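Engineer: my_file07.tsv is reproduced in full below (TSV, C-alpha atoms and all ligand atoms).
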```tsv
chain	number	residue	atom	x	y	z
G	92	MET	CA	-6.19	-15.57	27.26
G	93	THR	CA	-6.96	-16.57	23.66
G	94	ALA	CA	-7.55	-13.86	21.01
G	95	ALA	CA	-11.25	-14.84	20.84
G	96	ALA	CA	-11.64	-14.59	24.64
G	97	ALA	CA	-9.89	-11.18	24.64
G	98	ARG	CA	-12.37	-9.94	22.02
G	99	LYS	CA	-15.34	-11.18	24.05
G	100	SER	CA	-14.18	-9.38	27.18
G	101	ALA	CA	-13.22	-6.19	25.26
G	102	ARG	CA	-15.29	-3.08	25.81
G	103	THR	CA	-17.08	-1.40	22.90
G	104	GLN	CA	-15.20	1.65	21.63
G	105	ASP	CA	-17.11	4.60	20.17
G	106	LEU	CA	-15.71	5.53	16.83
G	107	THR	CA	-16.20	8.66	14.77
G	108	VAL	CA	-15.38	8.83	11.09
G	109	VAL	CA	-14.17	12.14	9.65
G	110	ARG	CA	-14.14	12.07	5.85
G	111	LEU	CA	-11.24	13.99	4.29
G	112	GLY	CA	-11.05	13.39	0.53
G	113	ARG	CA	-13.93	13.58	-1.95
G	114	HIS	CA	-13.79	9.88	-2.83
G	115	LEU	CA	-11.38	8.40	-0.28
G	116	GLY	CA	-9.55	9.10	2.96
G	117	ALA	CA	-10.93	9.38	6.49
G	118	GLU	CA	-9.68	9.74	10.02
G	119	ILE	CA	-11.20	7.31	12.49
G	120	ARG	CA	-11.29	8.78	16.00
G	121	GLY	CA	-12.02	7.19	19.35
G	122	ILE	CA	-10.15	3.92	18.79
G	123	ASP	CA	-7.22	2.64	20.84
G	124	LEU	CA	-5.58	-0.10	18.80
G	125	SER	CA	-3.46	-1.28	21.74
G	126	GLN	CA	-6.69	-2.69	23.23
G	127	PRO	CA	-8.54	-5.69	21.84
G	128	LEU	CA	-11.61	-4.58	19.89
G	129	ASP	CA	-14.90	-6.32	20.47
G	130	ASP	CA	-16.63	-7.82	17.42
G	131	ASP	CA	-19.15	-4.99	17.10
G	132	THR	CA	-16.46	-2.25	17.19
G	133	PHE	CA	-14.34	-4.19	14.71
G	134	ALA	CA	-17.30	-4.63	12.33
G	135	ARG	CA	-18.01	-0.86	12.37
G	136	LEU	CA	-14.34	-0.09	11.86
G	137	ALA	CA	-14.08	-2.54	8.93
G	138	ARG	CA	-17.19	-1.05	7.33
G	139	ALA	CA	-15.73	2.47	7.62
G	140	PHE	CA	-12.48	1.22	6.13
G	141	PHE	CA	-14.01	-0.36	3.03
G	142	GLU	CA	-16.31	2.66	2.52
G	143	ASN	CA	-13.46	5.16	2.71
G	144	GLU	CA	-10.68	3.08	1.06
G	145	VAL	CA	-7.93	4.83	3.12
G	146	VAL	CA	-8.33	5.40	6.88
G	147	PHE	CA	-5.99	6.36	9.69
G	148	PHE	CA	-5.90	6.42	13.47
G	149	ARG	CA	-3.76	9.12	15.13
G	150	ASN	CA	-1.69	8.89	18.33
G	151	GLN	CA	-1.47	5.11	18.53
G	152	ARG	CA	1.12	3.39	20.70
G	153	ILE	CA	1.20	-0.18	19.54
G	154	THR	CA	3.70	-3.00	19.74
G	155	PRO	CA	4.52	-5.24	16.76
G	156	GLU	CA	2.32	-7.95	18.40
G	157	GLN	CA	-0.63	-5.55	18.56
G	158	GLN	CA	-0.22	-4.47	14.92
G	159	VAL	CA	-0.07	-8.13	13.85
G	160	ALA	CA	-3.09	-9.07	16.02
G	161	PHE	CA	-5.20	-6.14	14.74
G	162	THR	CA	-4.46	-6.60	11.03
G	163	ARG	CA	-4.80	-10.39	11.26
G	164	ARG	CA	-8.48	-9.85	12.02
G	165	PHE	CA	-8.89	-8.87	8.35
G	166	GLY	CA	-7.33	-12.11	7.05
G	167	VAL	CA	-4.10	-14.00	6.49
G	168	LEU	CA	-0.94	-11.89	6.76
G	169	GLU	CA	1.69	-11.98	4.03
G	170	GLN	CA	5.43	-12.47	4.59
G	171	HIS	CA	7.21	-10.23	2.09
G	172	VAL	CA	9.66	-11.71	-0.42
G	173	ARG	CA	12.33	-9.26	0.87
G	174	LYS	CA	13.17	-11.47	3.86
G	175	GLU	CA	16.14	-9.33	4.87
G	176	HIS	CA	13.78	-6.46	5.69
G	177	ARG	CA	11.28	-8.33	7.81
G	178	LEU	CA	11.28	-7.28	11.48
G	179	GLU	CA	13.22	-9.81	13.53
G	180	GLY	CA	10.82	-12.12	15.33
G	181	TYR	CA	7.86	-10.78	13.31
G	182	PRO	CA	8.02	-12.18	9.76
G	183	GLU	CA	4.66	-10.55	8.95
G	184	ILE	CA	6.09	-7.05	9.52
G	185	LEU	CA	8.04	-5.42	6.70
G	186	ILE	CA	10.26	-2.52	7.77
G	187	VAL	CA	9.87	0.48	5.45
G	188	SER	CA	12.66	2.91	6.29
G	189	ASN	CA	15.64	4.98	5.15
G	190	VAL	CA	17.51	4.28	8.42
G	191	VAL	CA	20.86	2.49	8.17
G	192	ASN	CA	22.57	0.30	10.77
G	193	GLU	CA	26.13	0.64	12.13
G	194	GLN	CA	27.48	-1.11	9.03
G	195	GLY	CA	25.75	1.44	6.82
G	196	LYS	CA	23.17	-1.10	5.59
G	197	ALA	CA	19.51	-0.14	5.20
G	198	ILE	CA	17.42	-1.69	7.98
G	199	GLY	CA	14.29	-1.71	5.83
G	200	VAL	CA	12.91	-1.29	2.34
G	201	GLU	CA	13.94	2.17	1.29
G	202	ASP	CA	12.48	2.22	-2.19
G	203	ALA	CA	8.94	1.02	-1.40
G	204	GLY	CA	6.38	2.95	-3.38
G	205	ARG	CA	8.59	4.80	-5.86
G	206	PHE	CA	5.89	4.33	-8.54
G	207	TRP	CA	2.10	4.27	-8.30
G	208	HIS	CA	1.04	0.73	-7.40
G	209	SER	CA	-1.07	-1.49	-5.19
G	210	ASP	CA	0.79	-3.84	-2.89
G	211	LEU	CA	1.73	-7.30	-4.17
G	212	SER	CA	-0.44	-6.84	-7.27
G	213	TYR	CA	1.90	-9.29	-9.03
G	214	LYS	CA	0.70	-12.15	-6.84
G	215	ARG	CA	-2.08	-14.50	-7.91
G	216	GLU	CA	-3.79	-13.51	-4.66
G	217	PRO	CA	-2.78	-9.86	-4.30
G	218	SER	CA	-2.95	-7.97	-1.07
G	219	LEU	CA	-6.38	-6.89	0.12
G	220	LEU	CA	-5.15	-4.23	2.48
G	221	SER	CA	-1.97	-2.85	3.99
G	222	ALA	CA	-1.43	-1.15	7.34
G	223	LEU	CA	1.53	1.18	7.87
G	224	TYR	CA	2.43	2.26	11.38
G	225	ALA	CA	4.60	5.37	11.63
G	226	LEU	CA	7.28	5.22	14.34
G	227	GLU	CA	9.40	8.11	13.03
G	228	VAL	CA	8.60	10.69	10.36
G	229	PRO	CA	10.94	13.22	8.75
G	230	VAL	CA	10.22	16.86	9.57
G	231	LYS	CA	12.17	19.81	8.18
G	232	ASP	CA	11.53	23.39	9.26
G	233	GLY	CA	8.18	22.31	10.70
G	234	VAL	CA	7.09	20.64	7.44
G	235	VAL	CA	6.43	16.89	7.38
G	236	LEU	CA	8.14	15.19	4.45
G	237	GLY	CA	7.71	11.66	3.11
G	238	GLN	CA	3.96	12.03	2.62
G	239	THR	CA	2.08	9.20	0.85
G	240	ASP	CA	-0.30	9.81	-2.07
G	241	PHE	CA	-3.38	7.69	-2.74
G	242	ALA	CA	-5.76	7.52	-5.72
G	243	SER	CA	-9.10	5.76	-5.92
G	244	THR	CA	-9.28	3.19	-8.72
G	245	THR	CA	-13.02	2.72	-8.11
G	246	ALA	CA	-13.89	6.43	-8.47
G	247	ALA	CA	-11.63	6.53	-11.54
G	248	TYR	CA	-13.47	3.56	-13.05
G	249	ASP	CA	-16.89	5.09	-12.35
G	250	ALA	CA	-15.84	8.29	-14.19
G	251	LEU	CA	-14.86	6.48	-17.43
G	252	PRO	CA	-17.10	6.74	-20.50
G	253	GLU	CA	-19.32	3.68	-21.00
G	254	SER	CA	-17.54	2.78	-24.27
G	255	THR	CA	-14.15	2.63	-22.46
G	256	LYS	CA	-15.65	0.47	-19.70
G	257	GLN	CA	-16.95	-1.96	-22.33
G	258	ARG	CA	-13.57	-2.15	-24.07
G	259	LEU	CA	-11.62	-2.67	-20.84
G	260	GLN	CA	-13.98	-5.38	-19.67
G	261	LYS	CA	-12.42	-7.78	-22.20
G	262	LEU	CA	-8.77	-6.99	-21.42
G	263	THR	CA	-6.26	-8.52	-19.02
G	264	ASN	CA	-2.81	-7.28	-17.94
G	265	VAL	CA	0.31	-8.96	-16.62
G	266	HIS	CA	1.68	-7.83	-13.24
G	267	SER	CA	5.36	-8.65	-12.90
G	268	TYR	CA	7.77	-8.28	-10.00
G	269	ARG	CA	10.73	-8.73	-12.40
G	270	TYR	CA	9.45	-5.85	-14.52
G	271	TYR	CA	9.17	-3.74	-11.36
G	272	ARG	CA	12.74	-4.51	-10.24
G	273	ALA	CA	14.12	-3.56	-13.66
G	274	LYS	CA	12.12	-0.32	-13.61
G	275	ASN	CA	13.50	0.52	-10.15
G	276	VAL	CA	17.09	-0.07	-11.28
G	277	ALA	CA	16.56	2.21	-14.30
G	278	ALA	CA	15.04	4.91	-12.05
G	279	GLN	CA	17.97	4.65	-9.68
G	280	LYS	CA	20.48	5.09	-12.53
G	281	GLU	CA	18.56	8.11	-13.74
G	282	GLU	CA	18.59	9.59	-10.19
G	283	GLN	CA	22.35	9.05	-9.95
G	284	ALA	CA	22.92	10.68	-13.35
G	285	ARG	CA	21.15	13.86	-12.30
G	286	GLY	CA	22.72	13.89	-8.82
G	287	ALA	CA	19.38	13.44	-7.02
G	288	ARG	CA	18.94	11.49	-3.80
G	289	THR	CA	19.64	7.87	-4.65
G	290	VAL	CA	17.54	5.20	-3.04
G	291	GLN	CA	19.56	2.04	-2.43
G	292	GLU	CA	18.75	-0.87	-4.69
G	293	HIS	CA	18.74	-4.37	-3.20
G	294	ASN	CA	19.36	-7.36	-5.38
G	295	LEU	CA	17.13	-10.35	-4.84
G	296	THR	CA	18.44	-13.90	-5.04
G	297	PRO	CA	17.25	-16.09	-7.96
G	298	GLU	CA	15.19	-18.09	-5.39
G	299	GLN	CA	13.45	-14.94	-4.16
G	300	LEU	CA	12.64	-13.87	-7.72
G	301	ALA	CA	11.40	-17.36	-8.61
G	302	SER	CA	8.95	-17.22	-5.69
G	303	VAL	CA	7.09	-14.30	-7.32
G	304	PRO	CA	6.18	-15.36	-10.86
G	305	ASP	CA	4.23	-13.01	-13.15
G	306	SER	CA	0.46	-13.12	-12.93
G	307	GLU	CA	-2.30	-12.21	-15.39
G	308	ALA	CA	-5.45	-10.45	-14.16
G	309	PRO	CA	-8.42	-8.53	-15.56
G	310	ILE	CA	-7.98	-4.74	-15.90
G	311	VAL	CA	-11.48	-4.24	-14.50
G	312	ARG	CA	-11.81	-5.98	-11.16
G	313	THR	CA	-14.74	-6.43	-8.82
G	314	HIS	CA	-13.96	-5.59	-5.21
G	315	PRO	CA	-14.14	-8.76	-3.09
G	316	VAL	CA	-15.93	-7.00	-0.21
G	317	THR	CA	-17.90	-4.03	-1.61
G	318	GLY	CA	-18.61	-5.41	-5.10
G	319	ARG	CA	-17.54	-2.08	-6.66
G	320	LYS	CA	-15.68	-2.16	-9.96
G	321	GLY	CA	-12.21	-0.66	-10.13
G	322	LEU	CA	-9.16	-0.48	-12.40
G	323	PHE	CA	-6.50	-3.08	-11.67
G	324	ILE	CA	-3.49	-1.75	-13.56
G	325	ASN	CA	-0.50	0.23	-12.35
G	326	GLU	CA	2.73	1.79	-13.58
G	327	ALA	CA	4.98	-0.16	-11.19
G	328	HIS	CA	3.94	-3.75	-11.85
G	329	THR	CA	1.95	-3.90	-15.12
G	330	SER	CA	4.45	-5.07	-17.73
G	331	HIS	CA	1.88	-5.19	-20.56
G	332	VAL	CA	-1.72	-5.53	-21.62
G	333	VAL	CA	-2.27	-9.00	-23.05
G	334	GLY	CA	-2.84	-9.30	-26.80
G	335	LEU	CA	-1.98	-5.70	-27.73
G	336	PRO	CA	1.10	-4.60	-29.71
G	337	ARG	CA	3.77	-3.12	-27.39
G	338	ALA	CA	3.13	0.53	-28.37
G	339	GLU	CA	-0.63	0.20	-27.93
G	340	SER	CA	-0.20	-1.61	-24.61
G	341	ASP	CA	2.18	1.07	-23.28
G	342	ALA	CA	-0.18	3.83	-24.43
G	343	LEU	CA	-3.22	2.23	-22.75
G	344	ARG	CA	-1.32	1.67	-19.49
G	345	ALA	CA	-0.12	5.30	-19.52
G	346	GLU	CA	-3.60	6.62	-20.31
G	347	LEU	CA	-5.31	4.62	-17.55
G	348	CYS	CA	-2.62	5.38	-14.95
G	349	ALA	CA	-2.82	9.11	-15.75
G	350	HIS	CA	-6.61	8.94	-15.42
G	351	ILE	CA	-6.50	7.19	-12.02
G	352	ILE	CA	-4.15	9.78	-10.48
G	353	LYS	CA	-6.16	12.84	-11.54
G	354	PRO	CA	-6.45	15.29	-8.61
G	355	GLU	CA	-10.17	14.60	-8.07
G	356	PHE	CA	-9.46	10.94	-7.22
G	357	ARG	CA	-6.60	11.70	-4.80
G	358	TYR	CA	-5.89	11.88	-1.09
G	359	GLU	CA	-2.48	12.88	0.28
G	360	HIS	CA	-1.48	11.69	3.75
G	361	ARG	CA	0.83	13.88	5.85
G	362	TRP	CA	2.17	11.57	8.54
G	363	GLN	CA	2.49	12.06	12.26
G	364	ALA	CA	4.46	9.62	14.42
G	365	GLY	CA	1.84	7.33	15.96
G	366	ASP	CA	-0.36	7.13	12.85
G	367	LEU	CA	-1.63	3.71	11.87
G	368	LEU	CA	-2.91	4.11	8.33
G	369	MET	CA	-4.63	1.41	6.28
G	370	TRP	CA	-5.36	1.35	2.59
G	371	ASP	CA	-7.52	-0.91	0.48
G	372	ASN	CA	-5.30	-2.35	-2.26
G	373	ALA	CA	-8.38	-3.52	-4.17
G	374	ALA	CA	-9.60	0.09	-4.42
G	375	VAL	CA	-6.60	2.45	-4.44
G	376	LEU	CA	-3.12	2.96	-5.85
G	377	HIS	CA	-0.47	4.65	-3.74
G	378	LYS	CA	2.93	6.25	-4.12
G	379	ALA	CA	5.61	7.34	-1.64
G	380	ASN	CA	7.53	10.62	-1.85
G	381	PHE	CA	11.31	10.45	-1.45
G	382	ASN	CA	11.68	14.14	-0.63
G	383	TYR	CA	13.79	13.63	2.54
G	384	ASP	CA	17.16	12.10	3.29
G	385	LEU	CA	19.33	11.20	6.29
G	386	PRO	CA	19.86	12.58	8.88
G	387	LEU	CA	16.06	12.92	8.60
G	388	ARG	CA	14.72	9.48	9.57
G	389	ARG	CA	11.57	7.72	8.46
G	390	LEU	CA	10.67	4.42	10.11
G	391	MET	CA	7.46	2.48	9.47
G	392	HIS	CA	6.16	-1.03	10.05
G	393	ARG	CA	3.93	-2.52	7.38
G	394	THR	CA	1.59	-5.50	7.58
G	395	THR	CA	-0.26	-6.77	4.52
G	396	VAL	CA	-3.38	-8.93	4.38
G	397	ARG	CA	-3.74	-11.43	1.53
G	398	GLY	CA	-6.79	-11.03	-0.68
G	399	PRO	CA	-8.57	-13.47	-2.98
G	400	ALA	CA	-7.53	-13.98	-6.65
G	401	VAL	CA	-8.63	-11.00	-8.75
G	402	ALA	CA	-12.07	-11.40	-10.35
S	501	LIG	C1	4.50	1.37	0.42
S	501	LIG	O1	4.42	1.53	-0.80
S	501	LIG	O2	4.11	0.34	0.96
S	501	LIG	C2	5.12	2.42	1.30
S	501	LIG	C3	4.51	3.76	1.14
S	501	LIG	C4	5.27	4.79	1.92
S	501	LIG	O3	6.28	4.47	2.54
S	501	LIG	O4	4.86	5.96	1.90
```
Any chance you could put this one into structure tokens?
Structural biologist:
Amino acid sequence: MTAAAARKSARTQDLTVVRLGRHLGAEIRGIDLSQPLDDDTFARLARAFFENEVVFFRNQRITPEQQVAFTRRFGVLEQHVRKEHRLEGYPEILIVSNVVNEQGKAIGVEDAGRFWHSDLSYKREPSLLSALYALEVPVKDGVVLGQTDFASTTAAYDALPESTKQRLQKLTNVHSYRYYRAKNVAAQKEEQARGARTVQEHNLTPEQLASVPDSEAPIVRTHPVTGRKGLFINEAHTSHVVGLPRAESDALRAELCAHIIKPEFRYEHRWQAGDLLMWDNAAVLHKANFNYDLPLRRLMHRTTVRGPAVA
């Protein structure tokens, strides 16, 4: 059966949306993502997603095919530049994990989300949304570790004084994957120096790096679906604000990033195995917490939907 025929014959699922954060974050109940969703159910789900910016579905049992089929309904899926960490047979799935194979090599990206960022913001057409499916989560003494933090860039923009909004409207910033790699290496060295858990660093080939050139984008972006304005700048990928002296650029980036992650704009997700969580990269920043280590295992599958060029 084709995907379109499966959707037509699918039954309508009743969904309930339970809002969790003040500005973002909701649990969607009543949905089984292993079943094809009919167009009406999918439209309600998509609306709830864009309204809440971060949503999750508990107790899902889905195969890689089902994750790919579900997220593909939102648009074209990306294939991450870190080829070595794509799931075999599923180039659209990036493994995010601290698990190592028999040779002691990481099976997935271990350092994803060390800094606040939105996914693939360094691309000319950055990611619209990401979906992370939790297969294994680290738990110690009954406490779930490896939580993910989110912050709403739209609520943060709305809360800015009018004069700041006017000033930012004229500014652009450069998002750079090279800058991000260098920042990760420096963070790793600093972790080693203080004897903290060290997240493995993976060198990219010159070809891989060349496939992700820097890109310049407005700091204030308009959401391609909701039309809301939000701040498109982050500490991981923004190398500089265009046209400002270095010190001023660094200060503005630090000021805006600190503003976005204020507690009132935040939602923290405590994972359960079986969660499928989606976030809107055009409306939130996120950050992982590396507060666990082997033998505690964390294993996730991520799909990422391409968005339009930032406007
Ligand atoms: C990511 O940044 O895509 C991963 C976030 C996480 O693993 O918590």
Engineer: Report the closest atom pair, with its distance in Å rounded to one decimal, for each residue of chain G that has an atom no farther than 7 Å from ligand LIG 501 (chain S); count all atoms listed in the file, sort by chain and then rising residue number, and write it as JSON lines.
Structural biologist:
```
{"residue": "G:Val187", "atom": "CA", "partner": "S:LIG501", "partner_atom": "O3", "distance": 6.1}
{"residue": "G:Ala203", "atom": "CA", "partner": "S:LIG501", "partner_atom": "O1", "distance": 4.6}
{"residue": "G:Gly204", "atom": "CA", "partner": "S:LIG501", "partner_atom": "O1", "distance": 3.5}
{"residue": "G:Asp210", "atom": "CA", "partner": "S:LIG501", "partner_atom": "O2", "distance": 6.6}
{"residue": "G:Gly237", "atom": "CA", "partner": "S:LIG501", "partner_atom": "O4", "distance": 6.5}
{"residue": "G:Gln238", "atom": "CA", "partner": "S:LIG501", "partner_atom": "O4", "distance": 6.2}
{"residue": "G:Thr239", "atom": "CA", "partner": "S:LIG501", "partner_atom": "O4", "distance": 4.4}
{"residue": "G:His377", "atom": "CA", "partner": "S:LIG501", "partner_atom": "O1", "distance": 6.5}
{"residue": "G:Lys378", "atom": "CA", "partner": "S:LIG501", "partner_atom": "O1", "distance": 6.0}
{"residue": "G:Ala379", "atom": "CA", "partner": "S:LIG501", "partner_atom": "O4", "distance": 3.9}
{"residue": "G:Asn380", "atom": "CA", "partner": "S:LIG501", "partner_atom": "O4", "distance": 6.6}
```
Engineer: For the residues in the current selection, export C-alpha atoms as a CSV table (one decimal), keeping the file's coordinate frame.
Structural biologist:
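selection.csv was written with the following content:
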```csv
chain,number,residue,atom,x,y,z
G,187,VAL,CA,9.9,0.5,5.4
G,203,ALA,CA,8.9,1.0,-1.4
G,204,GLY,CA,6.4,3.0,-3.4
G,210,ASP,CA,0.8,-3.8,-2.9
G,237,GLY,CA,7.7,11.7,3.1
G,238,GLN,CA,4.0,12.0,2.6
G,239,THR,CA,2.1,9.2,0.8
G,377,HIS,CA,-0.5,4.6,-3.7
G,378,LYS,CA,2.9,6.2,-4.1
G,379,ALA,CA,5.6,7.3,-1.6
G,380,ASN,CA,7.5,10.6,-1.8
```
Engineer: Would you compute the distance between CA of Trp207 (chain G) and CA of Phe148 (chain G)? Give it in Å to one decimal.
Structural biologist: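 Answer for the CA of Trp207 (chain G) to CA of Phe148 (chain G) separation: 23.3 Å.
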Engineer: Just the number, please: distance in Å from CA of Phe356 (chain G) to CA of Arg113 (chain G), one decimal.
Structural biologist: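 Between CA of Phe356 (chain G) and CA of Arg113 (chain G) the gap is 7.4 Å.
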Engineer: Identify the residues within 12 Å of coordinate (14.4, -10.9, -1.6) (same frame as the file), considering only C-alpha atoms, and give the answer as a list in words.
Structural biologist: Gln170, His171, Val172, Arg173, Lys174, Glu175, His176, Arg177, Leu185, Gly199, Val200, Tyr268, Arg269, Arg272, Glu292, His293, Asn294, Leu295, Thr296, Pro297, Glu298, Gln299, Leu300, Ala301, Ser302 and Val303 of chain G
Engineer: Considering all atoms listed in the file, give me a table of residues in region 107-172 of chain G that are at most 8 Å from region 241-259 of chain G, with the closest atom pair and distance in Å for each, as a tab-separated table.
Structural biologist:
```
residue	atom	partner	partner_atom	distance
G:His114	CA	G:Ala246	CA	6.6
G:Leu115	CA	G:Ser243	CA	6.6
G:Glu144	CA	G:Ser243	CA	7.6
G:Val145	CA	G:Phe241	CA	8.0
```
Engineer: Find the spatial neighbours of Ser218 (chain G), counting all atoms listed in the file, within a cut-off of 8 Å - ignore same-chain residues fewer than 5 positions away - and output them as a PyMOL selection string.
Structural biologist: chain G and resi 169+209-212+372-373+395-398
Engineer: One decimal, in Å: what's the spacing between CA of Ile186 (chain G) and CA of Met391 (chain G)?
Structural biologist: 6.0 Å
Engineer: N, CA, C and O atoms for region 140-158 of chain G, written as a PDB file, in the coordinates of the input, could you do that?
Structural biologist:
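Final output, part26.pdb:
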```
ATOM      1  N   PHE G 140     -13.682   1.380   6.954  1.00  0.00           N
ATOM      2  CA  PHE G 140     -12.480   1.220   6.130  1.00  0.00           C
ATOM      3  C   PHE G 140     -12.847   0.966   4.672  1.00  0.00           C
ATOM      4  O   PHE G 140     -12.369   1.654   3.766  1.00  0.00           O
ATOM      5  N   PHE G 141     -13.710  -0.020   4.434  1.00  0.00           N
ATOM      6  CA  PHE G 141     -14.010  -0.360   3.030  1.00  0.00           C
ATOM      7  C   PHE G 141     -14.808   0.765   2.350  1.00  0.00           C
ATOM      8  O   PHE G 141     -14.692   0.944   1.144  1.00  0.00           O
ATOM      9  N   GLU G 142     -15.579   1.529   3.125  1.00  0.00           N
ATOM     10  CA  GLU G 142     -16.310   2.660   2.520  1.00  0.00           C
ATOM     11  C   GLU G 142     -15.378   3.793   2.122  1.00  0.00           C
ATOM     12  O   GLU G 142     -15.600   4.476   1.149  1.00  0.00           O
ATOM     13  N   ASN G 143     -14.328   3.991   2.911  1.00  0.00           N
ATOM     14  CA  ASN G 143     -13.460   5.160   2.710  1.00  0.00           C
ATOM     15  C   ASN G 143     -12.130   4.838   2.001  1.00  0.00           C
ATOM     16  O   ASN G 143     -11.367   5.727   1.665  1.00  0.00           O
ATOM     17  N   GLU G 144     -11.833   3.588   1.837  1.00  0.00           N
ATOM     18  CA  GLU G 144     -10.680   3.080   1.060  1.00  0.00           C
ATOM     19  C   GLU G 144      -9.309   3.357   1.693  1.00  0.00           C
ATOM     20  O   GLU G 144      -8.389   2.587   1.541  1.00  0.00           O
ATOM     21  N   VAL G 145      -9.158   4.512   2.371  1.00  0.00           N
ATOM     22  CA  VAL G 145      -7.930   4.830   3.120  1.00  0.00           C
ATOM     23  C   VAL G 145      -8.392   5.414   4.452  1.00  0.00           C
ATOM     24  O   VAL G 145      -9.159   6.382   4.455  1.00  0.00           O
ATOM     25  N   VAL G 146      -7.961   4.820   5.574  1.00  0.00           N
ATOM     26  CA  VAL G 146      -8.330   5.400   6.880  1.00  0.00           C
ATOM     27  C   VAL G 146      -7.091   5.423   7.775  1.00  0.00           C
ATOM     28  O   VAL G 146      -6.154   4.643   7.585  1.00  0.00           O
ATOM     29  N   PHE G 147      -7.105   6.344   8.743  1.00  0.00           N
ATOM     30  CA  PHE G 147      -5.990   6.360   9.690  1.00  0.00           C
ATOM     31  C   PHE G 147      -6.469   6.669  11.094  1.00  0.00           C
ATOM     32  O   PHE G 147      -7.546   7.246  11.297  1.00  0.00           O
ATOM     33  N   PHE G 148      -5.647   6.233  12.041  1.00  0.00           N
ATOM     34  CA  PHE G 148      -5.900   6.420  13.470  1.00  0.00           C
ATOM     35  C   PHE G 148      -4.681   7.170  14.002  1.00  0.00           C
ATOM     36  O   PHE G 148      -3.547   6.689  13.848  1.00  0.00           O
ATOM     37  N   ARG G 149      -4.885   8.330  14.612  1.00  0.00           N
ATOM     38  CA  ARG G 149      -3.760   9.120  15.130  1.00  0.00           C
ATOM     39  C   ARG G 149      -3.373   8.666  16.546  1.00  0.00           C
ATOM     40  O   ARG G 149      -4.183   8.057  17.261  1.00  0.00           O
ATOM     41  N   ASN G 150      -2.168   9.034  16.940  1.00  0.00           N
ATOM     42  CA  ASN G 150      -1.690   8.890  18.330  1.00  0.00           C
ATOM     43  C   ASN G 150      -1.784   7.476  18.877  1.00  0.00           C
ATOM     44  O   ASN G 150      -2.192   7.279  20.018  1.00  0.00           O
ATOM     45  N   GLN G 151      -1.440   6.503  18.062  1.00  0.00           N
ATOM     46  CA  GLN G 151      -1.470   5.110  18.530  1.00  0.00           C
ATOM     47  C   GLN G 151      -0.112   4.750  19.112  1.00  0.00           C
ATOM     48  O   GLN G 151       0.924   5.237  18.654  1.00  0.00           O
ATOM     49  N   ARG G 152      -0.133   3.936  20.143  1.00  0.00           N
ATOM     50  CA  ARG G 152       1.120   3.390  20.700  1.00  0.00           C
ATOM     51  C   ARG G 152       0.957   1.893  20.695  1.00  0.00           C
ATOM     52  O   ARG G 152       0.337   1.329  21.606  1.00  0.00           O
ATOM     53  N   ILE G 153       1.431   1.268  19.644  1.00  0.00           N
ATOM     54  CA  ILE G 153       1.200  -0.180  19.540  1.00  0.00           C
ATOM     55  C   ILE G 153       2.521  -0.926  19.363  1.00  0.00           C
ATOM     56  O   ILE G 153       3.465  -0.419  18.769  1.00  0.00           O
ATOM     57  N   THR G 154       2.530  -2.125  19.878  1.00  0.00           N
ATOM     58  CA  THR G 154       3.700  -3.000  19.740  1.00  0.00           C
ATOM     59  C   THR G 154       3.550  -3.775  18.421  1.00  0.00           C
ATOM     60  O   THR G 154       2.450  -3.843  17.856  1.00  0.00           O
ATOM     61  N   PRO G 155       4.644  -4.391  17.944  1.00  0.00           N
ATOM     62  CA  PRO G 155       4.520  -5.240  16.760  1.00  0.00           C
ATOM     63  C   PRO G 155       3.437  -6.321  16.937  1.00  0.00           C
ATOM     64  O   PRO G 155       2.663  -6.590  16.026  1.00  0.00           O
ATOM     65  N   GLU G 156       3.347  -6.903  18.150  1.00  0.00           N
ATOM     66  CA  GLU G 156       2.320  -7.950  18.400  1.00  0.00           C
ATOM     67  C   GLU G 156       0.920  -7.380  18.173  1.00  0.00           C
ATOM     68  O   GLU G 156       0.055  -8.024  17.595  1.00  0.00           O
ATOM     69  N   GLN G 157       0.717  -6.142  18.669  1.00  0.00           N
ATOM     70  CA  GLN G 157      -0.630  -5.550  18.560  1.00  0.00           C
ATOM     71  C   GLN G 157      -0.967  -5.207  17.105  1.00  0.00           C
ATOM     72  O   GLN G 157      -2.102  -5.369  16.681  1.00  0.00           O
ATOM     73  N   GLN G 158       0.043  -4.748  16.335  1.00  0.00           N
ATOM     74  CA  GLN G 158      -0.220  -4.470  14.920  1.00  0.00           C
ATOM     75  C   GLN G 158      -0.572  -5.779  14.191  1.00  0.00           C
ATOM     76  O   GLN G 158      -1.519  -5.833  13.398  1.00  0.00           O
TER      77      GLN G 158
END
```
